>>> print(open('protein_35.cif').read())   # mmCIF, C-alpha atoms
data_entry
#
loop_
_atom_site.group_PDB
_atom_site.id
_atom_site.type_symbol
_atom_site.label_atom_id
_atom_site.label_comp_id
_atom_site.auth_asym_id
_atom_site.auth_seq_id
_atom_site.Cartn_x
_atom_site.Cartn_y
_atom_site.Cartn_z
ATOM 1 C CA SER N 1 24.275 -11.125 -23.613
ATOM 2 C CA GLN N 2 22.804 -11.630 -20.190
ATOM 3 C CA THR N 3 19.101 -10.920 -19.869
ATOM 4 C CA ILE N 4 16.222 -11.741 -17.600
ATOM 5 C CA HIS N 5 12.665 -12.422 -18.712
ATOM 6 C CA GLN N 6 9.663 -12.191 -16.456
ATOM 7 C CA TRP N 7 6.024 -12.753 -17.353
ATOM 8 C CA PRO N 8 3.238 -11.924 -17.415
ATOM 9 C CA ALA N 9 3.532 -8.151 -17.073
ATOM 10 C CA THR N 10 0.092 -7.747 -15.504
ATOM 11 C CA LEU N 11 -2.318 -10.215 -13.998
ATOM 12 C CA VAL N 12 -5.769 -9.938 -12.456
ATOM 13 C CA GLN N 13 -6.805 -13.015 -10.541
ATOM 14 C CA PRO N 14 -9.803 -13.823 -8.307
ATOM 15 C CA VAL N 15 -9.340 -14.706 -4.677
ATOM 16 C CA GLY N 16 -8.771 -18.431 -4.233
ATOM 17 C CA SER N 17 -7.334 -18.977 -7.706
ATOM 18 C CA PRO N 18 -3.839 -20.408 -8.298
ATOM 19 C CA LEU N 19 -0.813 -18.379 -9.365
ATOM 20 C CA SER N 20 2.277 -19.097 -11.388
ATOM 21 C CA LEU N 21 4.835 -16.414 -12.269
ATOM 22 C CA GLU N 22 7.874 -17.385 -14.254
ATOM 23 C CA CYS N 23 11.327 -15.880 -14.508
ATOM 24 C CA THR N 24 14.114 -17.062 -16.797
ATOM 25 C CA VAL N 25 17.668 -15.872 -17.197
ATOM 26 C CA GLU N 26 19.780 -16.058 -20.337
ATOM 27 C CA GLY N 27 23.490 -15.818 -20.899
ATOM 28 C CA THR N 28 24.704 -17.053 -17.538
ATOM 29 C CA SER N 29 24.910 -20.203 -15.488
ATOM 30 C CA ASN N 30 24.305 -20.975 -11.817
ATOM 31 C CA PRO N 31 23.011 -17.514 -10.940
ATOM 32 C CA ASN N 32 21.609 -16.585 -7.551
ATOM 33 C CA LEU N 33 17.913 -15.883 -8.120
ATOM 34 C CA TYR N 34 15.494 -13.820 -6.043
ATOM 35 C CA TRP N 35 11.778 -13.020 -5.837
ATOM 36 C CA TYR N 36 10.816 -9.662 -4.340
ATOM 37 C CA ARG N 37 7.388 -8.174 -3.706
ATOM 38 C CA GLN N 38 6.581 -4.486 -3.578
ATOM 39 C CA ALA N 39 3.333 -3.268 -2.047
ATOM 40 C CA ALA N 40 1.948 -0.038 -3.504
ATOM 41 C CA GLY N 41 4.251 2.875 -2.682
ATOM 42 C CA ARG N 42 6.518 0.759 -0.524
ATOM 43 C CA GLY N 43 9.937 -0.819 -0.633
ATOM 44 C CA LEU N 44 10.878 -4.264 -1.895
ATOM 45 C CA GLN N 45 10.536 -7.231 0.401
ATOM 46 C CA LEU N 46 12.559 -10.358 -0.313
ATOM 47 C CA LEU N 47 10.293 -13.404 -0.550
ATOM 48 C CA PHE N 48 12.541 -16.234 -1.761
ATOM 49 C CA TYR N 49 16.052 -16.789 -2.973
ATOM 50 C CA SER N 50 17.818 -19.695 -4.606
ATOM 51 C CA VAL N 51 21.509 -20.481 -4.993
ATOM 52 C CA GLY N 52 21.002 -23.572 -7.150
ATOM 53 C CA ILE N 53 18.580 -26.035 -8.734
ATOM 54 C CA GLY N 54 16.041 -27.245 -6.207
ATOM 55 C CA GLN N 55 17.467 -25.008 -3.466
ATOM 56 C CA ILE N 56 14.871 -22.562 -2.177
ATOM 57 C CA SER N 57 15.065 -20.383 0.913
ATOM 58 C CA SER N 58 12.032 -18.535 2.200
ATOM 59 C CA GLU N 59 12.414 -15.203 3.923
ATOM 60 C CA VAL N 60 8.892 -14.648 5.221
ATOM 61 C CA PRO N 61 6.041 -17.041 5.994
ATOM 62 C CA GLN N 62 3.250 -16.515 3.524
ATOM 63 C CA ASN N 63 0.801 -17.937 1.072
ATOM 64 C CA LEU N 64 3.401 -18.317 -1.652
ATOM 65 C CA SER N 65 5.993 -20.887 -2.677
ATOM 66 C CA ALA N 66 8.889 -20.936 -5.111
ATOM 67 C CA SER N 67 10.631 -23.556 -7.195
ATOM 68 C CA ARG N 68 13.718 -23.767 -9.366
ATOM 69 C CA PRO N 69 13.282 -26.711 -11.703
ATOM 70 C CA GLN N 70 16.145 -25.644 -13.982
ATOM 71 C CA ASP N 71 19.326 -23.663 -13.481
ATOM 72 C CA ARG N 72 17.971 -20.508 -15.092
ATOM 73 C CA GLN N 73 14.276 -20.815 -14.251
ATOM 74 C CA PHE N 74 12.611 -19.510 -11.104
ATOM 75 C CA ILE N 75 8.881 -19.899 -10.490
ATOM 76 C CA LEU N 76 6.657 -18.214 -7.911
ATOM 77 C CA SER N 77 3.411 -20.026 -7.117
ATOM 78 C CA SER N 78 0.354 -20.042 -4.955
ATOM 79 C CA LYS N 79 -2.399 -22.624 -4.628
ATOM 80 C CA LYS N 80 -5.011 -20.118 -3.460
ATOM 81 C CA LEU N 81 -4.496 -16.380 -3.774
ATOM 82 C CA LEU N 82 -5.435 -13.940 -1.038
ATOM 83 C CA LEU N 83 -6.294 -10.257 -1.434
ATOM 84 C CA SER N 84 -3.076 -9.465 0.459
ATOM 85 C CA ASP N 85 -1.034 -11.137 -2.301
ATOM 86 C CA SER N 86 -1.670 -8.151 -4.560
ATOM 87 C CA GLY N 87 1.473 -6.245 -5.434
ATOM 88 C CA PHE N 88 4.350 -5.823 -7.836
ATOM 89 C CA TYR N 89 6.561 -8.896 -8.089
ATOM 90 C CA LEU N 90 10.131 -8.608 -9.250
ATOM 91 C CA CYS N 91 12.550 -11.352 -10.135
ATOM 92 C CA ALA N 92 16.265 -10.645 -9.914
ATOM 93 C CA TRP N 93 19.523 -12.462 -10.454
ATOM 94 C CA ARG N 94 23.074 -11.987 -9.361
ATOM 95 C CA ARG N 95 26.090 -13.107 -11.324
ATOM 96 C CA GLY N 96 27.871 -14.398 -8.274
ATOM 97 C CA PRO N 97 30.224 -13.084 -5.613
ATOM 98 C CA THR N 98 31.426 -9.682 -6.657
ATOM 99 C CA ARG N 99 32.394 -6.526 -4.868
ATOM 100 C CA THR N 100 30.756 -4.310 -7.438
ATOM 101 C CA GLY N 101 27.144 -3.261 -7.512
ATOM 102 C CA HIS N 102 26.725 -4.121 -11.115
ATOM 103 C CA GLY N 103 26.036 -7.787 -10.436
ATOM 104 C CA TYR N 104 22.274 -7.501 -9.952
ATOM 105 C CA THR N 105 19.710 -7.437 -12.733
ATOM 106 C CA PHE N 106 15.979 -7.085 -12.181
ATOM 107 C CA GLY N 107 13.173 -8.279 -14.400
ATOM 108 C CA SER N 108 10.493 -5.933 -15.644
ATOM 109 C CA GLY N 109 8.048 -7.096 -12.973
ATOM 110 C CA THR N 110 4.529 -8.506 -12.753
ATOM 111 C CA ARG N 111 1.745 -6.343 -11.408
ATOM 112 C CA LEU N 112 -0.685 -8.723 -9.677
ATOM 113 C CA THR N 113 -4.143 -7.637 -8.600
ATOM 114 C CA VAL N 114 -6.219 -10.094 -6.636
ATOM 115 C CA VAL N 115 -9.933 -9.303 -6.782
ATOM 116 C CA ALA J 1 19.484 -8.061 11.211
ATOM 117 C CA GLN J 2 19.999 -5.358 8.636
ATOM 118 C CA LYS J 3 17.815 -2.291 8.304
ATOM 119 C CA ILE J 4 17.642 0.577 5.833
ATOM 120 C CA THR J 5 15.855 3.803 6.724
ATOM 121 C CA GLN J 6 14.792 6.454 4.243
ATOM 122 C CA THR J 7 13.086 9.219 6.184
ATOM 123 C CA GLN J 8 11.942 11.346 3.250
ATOM 124 C CA PRO J 9 8.724 9.993 1.730
ATOM 125 C CA GLY J 10 8.802 12.735 -0.907
ATOM 126 C CA MET J 11 11.238 15.359 -2.130
ATOM 127 C CA PHE J 12 10.867 18.239 -4.551
ATOM 128 C CA VAL J 13 13.642 19.935 -6.500
ATOM 129 C CA GLN J 14 13.862 22.558 -9.174
ATOM 130 C CA GLU J 15 15.260 21.507 -12.521
ATOM 131 C CA LYS J 16 19.062 21.994 -12.762
ATOM 132 C CA GLU J 17 19.481 22.145 -8.990
ATOM 133 C CA ALA J 18 21.087 19.503 -6.792
ATOM 134 C CA VAL J 19 19.178 17.295 -4.363
ATOM 135 C CA THR J 20 20.195 14.943 -1.560
ATOM 136 C CA LEU J 21 18.219 11.824 -0.718
ATOM 137 C CA ASP J 22 18.887 10.479 2.759
ATOM 138 C CA CYS J 23 19.648 6.907 3.713
ATOM 139 C CA THR J 24 20.799 5.474 7.020
ATOM 140 C CA TYR J 25 21.551 1.842 7.653
ATOM 141 C CA ASP J 26 22.045 -0.510 10.526
ATOM 142 C CA THR J 27 24.232 -3.588 10.421
ATOM 143 C CA SER J 28 26.722 -5.382 12.623
ATOM 144 C CA ASP J 29 28.700 -6.655 9.644
ATOM 145 C CA GLN J 30 32.135 -5.257 8.882
ATOM 146 C CA SER J 31 31.777 -5.920 5.167
ATOM 147 C CA TYR J 32 28.697 -4.782 3.325
ATOM 148 C CA GLY J 33 27.590 -3.052 0.164
ATOM 149 C CA LEU J 34 25.237 -0.134 -0.302
ATOM 150 C CA PHE J 35 23.198 0.503 -3.439
ATOM 151 C CA TRP J 36 20.893 3.102 -4.876
ATOM 152 C CA TYR J 37 18.223 2.204 -7.409
ATOM 153 C CA LYS J 38 15.827 4.357 -9.412
ATOM 154 C CA GLN J 39 12.319 3.091 -10.109
ATOM 155 C CA PRO J 40 10.310 5.086 -12.654
ATOM 156 C CA SER J 41 6.569 4.650 -12.976
ATOM 157 C CA SER J 42 7.134 1.698 -15.319
ATOM 158 C CA GLY J 43 8.378 -0.302 -12.332
ATOM 159 C CA GLU J 44 11.790 -1.294 -13.636
ATOM 160 C CA MET J 45 14.681 -1.119 -11.179
ATOM 161 C CA ILE J 46 17.594 0.899 -12.536
ATOM 162 C CA PHE J 47 20.945 0.585 -10.779
ATOM 163 C CA LEU J 48 22.524 3.974 -10.057
ATOM 164 C CA ILE J 49 25.517 3.645 -7.778
ATOM 165 C CA TYR J 50 27.333 1.310 -5.388
ATOM 166 C CA GLN J 51 29.524 1.869 -2.320
ATOM 167 C CA GLY J 52 31.486 -0.878 -0.632
ATOM 168 C CA SER J 53 32.031 -0.602 3.094
ATOM 169 C CA TYR J 54 35.813 -0.689 2.628
ATOM 170 C CA ASP J 55 35.877 1.844 -0.192
ATOM 171 C CA GLU J 56 37.731 4.887 1.088
ATOM 172 C CA GLN J 57 36.422 7.264 -1.531
ATOM 173 C CA ASN J 58 32.822 8.213 -2.136
ATOM 174 C CA ALA J 59 31.380 6.572 -5.225
ATOM 175 C CA THR J 60 30.457 8.702 -8.228
ATOM 176 C CA GLU J 61 28.622 7.816 -11.442
ATOM 177 C CA GLY J 62 28.023 10.763 -13.707
ATOM 178 C CA ARG J 63 25.512 13.089 -12.014
ATOM 179 C CA TYR J 64 25.139 10.698 -9.085
ATOM 180 C CA SER J 65 27.400 10.648 -6.061
ATOM 181 C CA LEU J 66 27.128 8.835 -2.785
ATOM 182 C CA ASN J 67 27.994 10.686 0.410
ATOM 183 C CA PHE J 68 29.239 7.791 2.521
ATOM 184 C CA GLN J 69 29.728 8.521 6.225
ATOM 185 C CA LYS J 70 30.613 5.178 7.759
ATOM 186 C CA ALA J 71 30.741 6.311 11.390
ATOM 187 C CA ARG J 72 27.268 7.798 11.083
ATOM 188 C CA LYS J 73 26.045 4.829 9.035
ATOM 189 C CA SER J 74 24.664 7.045 6.332
ATOM 190 C CA ALA J 75 24.815 6.712 2.555
ATOM 191 C CA ASN J 76 23.060 9.691 1.046
ATOM 192 C CA LEU J 77 22.541 10.001 -2.697
ATOM 193 C CA VAL J 78 23.342 13.343 -4.286
ATOM 194 C CA ILE J 79 21.914 14.106 -7.714
ATOM 195 C CA SER J 80 23.459 17.132 -9.349
ATOM 196 C CA ALA J 81 21.848 19.221 -12.073
ATOM 197 C CA SER J 82 18.429 17.571 -11.734
ATOM 198 C CA GLN J 83 16.508 16.763 -14.883
ATOM 199 C CA LEU J 84 12.801 16.219 -15.412
ATOM 200 C CA GLY J 85 13.562 12.583 -16.187
ATOM 201 C CA ASP J 86 14.932 12.142 -12.671
ATOM 202 C CA SER J 87 11.371 12.172 -11.300
ATOM 203 C CA ALA J 88 10.929 8.668 -9.881
ATOM 204 C CA MET J 89 11.042 6.578 -6.721
ATOM 205 C CA TYR J 90 14.548 6.077 -5.318
ATOM 206 C CA PHE J 91 15.563 3.145 -3.149
ATOM 207 C CA CYS J 92 18.556 2.673 -0.933
ATOM 208 C CA ALA J 93 19.530 -0.955 -0.375
ATOM 209 C CA MET J 94 22.154 -2.986 1.453
ATOM 210 C CA ARG J 95 23.576 -6.384 0.732
ATOM 211 C CA ALA J 96 22.830 -8.441 3.814
ATOM 212 C CA SER J 97 24.867 -11.134 5.550
ATOM 213 C CA ASN J 98 23.732 -13.925 7.811
ATOM 214 C CA ALA J 99 25.376 -14.926 11.060
ATOM 215 C CA GLY J 100 27.914 -17.052 9.215
ATOM 216 C CA GLY J 101 29.004 -14.141 7.056
ATOM 217 C CA THR J 102 27.406 -15.475 3.885
ATOM 218 C CA SER J 103 25.046 -13.043 2.276
ATOM 219 C CA TYR J 104 23.807 -15.078 -0.694
ATOM 220 C CA GLY J 105 23.486 -11.660 -2.261
ATOM 221 C CA LYS J 106 20.260 -10.774 -0.503
ATOM 222 C CA LEU J 107 19.348 -7.104 -0.635
ATOM 223 C CA THR J 108 17.482 -5.213 2.074
ATOM 224 C CA PHE J 109 15.609 -2.171 0.774
ATOM 225 C CA GLY J 110 14.426 1.036 2.367
ATOM 226 C CA GLN J 111 10.898 2.339 1.910
ATOM 227 C CA GLY J 112 11.912 4.686 -0.860
ATOM 228 C CA THR J 113 11.740 8.413 -1.594
ATOM 229 C CA ILE J 114 9.600 9.848 -4.366
ATOM 230 C CA LEU J 115 11.527 12.598 -6.125
ATOM 231 C CA THR J 116 9.657 15.182 -8.166
ATOM 232 C CA VAL J 117 11.613 17.547 -10.394
ATOM 233 C CA HIS J 118 9.836 20.797 -11.242
ATOM 234 C CA PRO J 119 10.580 22.702 -14.464
#
>>> encode(input="protein_35.cif", output="structure tokens")
Amino acid sequence: SQTIHQWPATLVQPVGSPLSLECTVEGTSNPNLYWYRQAAGRGLQLLFYSVGIGQISSEVPQNLSASRPQDRQFILSSKKLLLSDSGFYLCAWRRGPTRTGHGYTFGSGTRLTVV
Amino acid sequence: AQKITQTQPGMFVQEKEAVTLDCTYDTSDQSYGLFWYKQPSSGEMIFLIYQGSYDEQNATEGRYSLNFQKARKSANLVISASQLGDSAMYFCAMRASNAGGTSYGKLTFGQGTILTVHP
């Protein structure tokens, strides 16, 4: 079956510390992968997406970076966290071109608090 | 650029009644997809319903239906027979396309509507 794993579920980090959030997908190959961030009580903002290994596209300039070292692994990183990096981070994948809406699956999310 | 607007920050409905959550969108693309997701307090994103821009009939999925008015660029979600478990944040989203017509599957989300169902 096709599943997505995202960890950790919650994280409290001090300002200036590094960050690494990992997302892995099982049961599929060459998925499109996405990182979204959700500020408290707000909508989801697309941060990065990847259509293949080593291919990363950034949607907004920020303090974060992303990498895709393997086909089904997507990593969100920061060298030095800012208070404004706090939020709920969601990883998602898409099975590929499809007209239906059932092609997207979201991870369970990581709630990051920068203190 | 694509934009999704949800003008209702919060909505209240009585249990067993129907409720409509508004969504308007802006895009210059001829082909696009519209989605509704439910996000309970746990944070997970639950897919509810999808409408393709070329679909002639409004989408339905159980108690959920999408009132698609293409000329008005609106895609309202209708929940019939509300249940207490429907209390959550609801997001409208659109699959975006770039200038070359390739979307890469990127979704643009609205700000969301918090639905509260009263017993």
>>> interface_residues(input="protein_35.cif", of="chain J", to="chain N", cutoff="7 Å", atoms="only C-alpha atoms", output="ChimeraX atom specification")
/J:35,43-45,50,109-112
>>> write_last_selection(input="protein_35.cif", atoms="C-alpha atoms", output="short mmCIF file (atom, residue, chain, number, x, y, z; two decimals), keeping the file's coordinate frame")
data_model
loop_
_atom_site.label_atom_id
_atom_site.label_comp_id
_atom_site.auth_asym_id
_atom_site.auth_seq_id
_atom_site.Cartn_x
_atom_site.Cartn_y
_atom_site.Cartn_z
CA PHE J 35 23.20 0.50 -3.44
CA GLY J 43 8.38 -0.30 -12.33
CA GLU J 44 11.79 -1.29 -13.64
CA MET J 45 14.68 -1.12 -11.18
CA TYR J 50 27.33 1.31 -5.39
CA PHE J 109 15.61 -2.17 0.77
CA GLY J 110 14.43 1.04 2.37
CA GLN J 111 10.90 2.34 1.91
CA GLY J 112 11.91 4.69 -0.86
#
>>> residues_near_point(input="protein_35.cif", point="(31.5, 6.2, -6.9)", cutoff="12 Å", atoms="all atoms listed in the file", output="short mmCIF file (atom, residue, chain, number, x, y, z; two decimals) with C-alpha atoms, keeping the file's coordinate frame")
data_model
loop_
_atom_site.label_atom_id
_atom_site.label_comp_id
_atom_site.auth_asym_id
_atom_site.auth_seq_id
_atom_site.Cartn_x
_atom_site.Cartn_y
_atom_site.Cartn_z
CA THR N 100 30.76 -4.31 -7.44
CA GLY N 101 27.14 -3.26 -7.51
CA LEU J 34 25.24 -0.13 -0.30
CA PHE J 35 23.20 0.50 -3.44
CA TRP J 36 20.89 3.10 -4.88
CA LEU J 48 22.52 3.97 -10.06
CA ILE J 49 25.52 3.64 -7.78
CA TYR J 50 27.33 1.31 -5.39
CA GLN J 51 29.52 1.87 -2.32
CA GLY J 52 31.49 -0.88 -0.63
CA ASP J 55 35.88 1.84 -0.19
CA GLU J 56 37.73 4.89 1.09
CA GLN J 57 36.42 7.26 -1.53
CA ASN J 58 32.82 8.21 -2.14
CA ALA J 59 31.38 6.57 -5.22
CA THR J 60 30.46 8.70 -8.23
CA GLU J 61 28.62 7.82 -11.44
CA GLY J 62 28.02 10.76 -13.71
CA ARG J 63 25.51 13.09 -12.01
CA TYR J 64 25.14 10.70 -9.09
CA SER J 65 27.40 10.65 -6.06
CA LEU J 66 27.13 8.84 -2.78
CA ASN J 67 27.99 10.69 0.41
CA PHE J 68 29.24 7.79 2.52
CA ALA J 75 24.82 6.71 2.56
CA LEU J 77 22.54 10.00 -2.70
CA VAL J 78 23.34 13.34 -4.29
#
>>> resolve_selection(input="protein_35.cif", expression="the PyMOL selection byres ((chain J and resi 14-25) around 10)", output="PyMOL selection string")
chain J and resi 2-13+26-27+34+36+63-70+72-86+90-94+108-110+112-119
>>> residues_around(input="protein_35.cif", residues="segment 71-78 of chain N", least_positions_apart="5", cutoff="6 Å", atoms="all atoms listed in the file", output="PDB file with C-alpha atoms, in the frame of the given file")
ATOM      1  CA  PRO N  18      -3.839 -20.408  -8.298  1.00  0.00           C
ATOM      2  CA  LEU N  19      -0.813 -18.379  -9.365  1.00  0.00           C
ATOM      3  CA  SER N  20       2.277 -19.097 -11.388  1.00  0.00           C
ATOM      4  CA  LEU N  21       4.835 -16.414 -12.269  1.00  0.00           C
ATOM      5  CA  GLU N  22       7.874 -17.385 -14.254  1.00  0.00           C
ATOM      6  CA  CYS N  23      11.327 -15.880 -14.508  1.00  0.00           C
ATOM      7  CA  THR N  24      14.114 -17.062 -16.797  1.00  0.00           C
ATOM      8  CA  VAL N  25      17.668 -15.872 -17.197  1.00  0.00           C
ATOM      9  CA  ASN N  30      24.305 -20.975 -11.817  1.00  0.00           C
ATOM     10  CA  ILE N  53      18.580 -26.035  -8.734  1.00  0.00           C
ATOM     11  CA  LEU N  64       3.401 -18.317  -1.652  1.00  0.00           C
ATOM     12  CA  SER N  65       5.993 -20.887  -2.677  1.00  0.00           C
ATOM     13  CA  ALA N  66       8.889 -20.936  -5.111  1.00  0.00           C
TER      14      ALA N  66
END
>>> atom_distance(input="protein_35.cif", atom1="atom CA of Gln70 of chain N", atom2="atom CA of Gly54 of chain N")
7.9 Å
>>> atom_distance(input="protein_35.cif", atom1="atom CA of Gly33 of chain J", atom2="atom CA of Ala88 of chain J")
22.7 Å
>>> atom_distance(input="protein_35.cif", atom1="atom CA of Thr113 of chain N", atom2="atom CA of Pro8 of chain N")
12.3 Å
>>> closest_residue(input="protein_35.cif", among="J:Ser41, J:Ala96, J:Ser53, J:Tyr104", to="Ala71 of chain J", atoms="all atoms listed in the file")
J:Ser53
>>> closest_residue(input="protein_35.cif", among="N:Gly52, N:Gly87, N:Gly16, N:Pro61", to="Pro31 of chain N", atoms="only C-alpha atoms")
N:Gly52
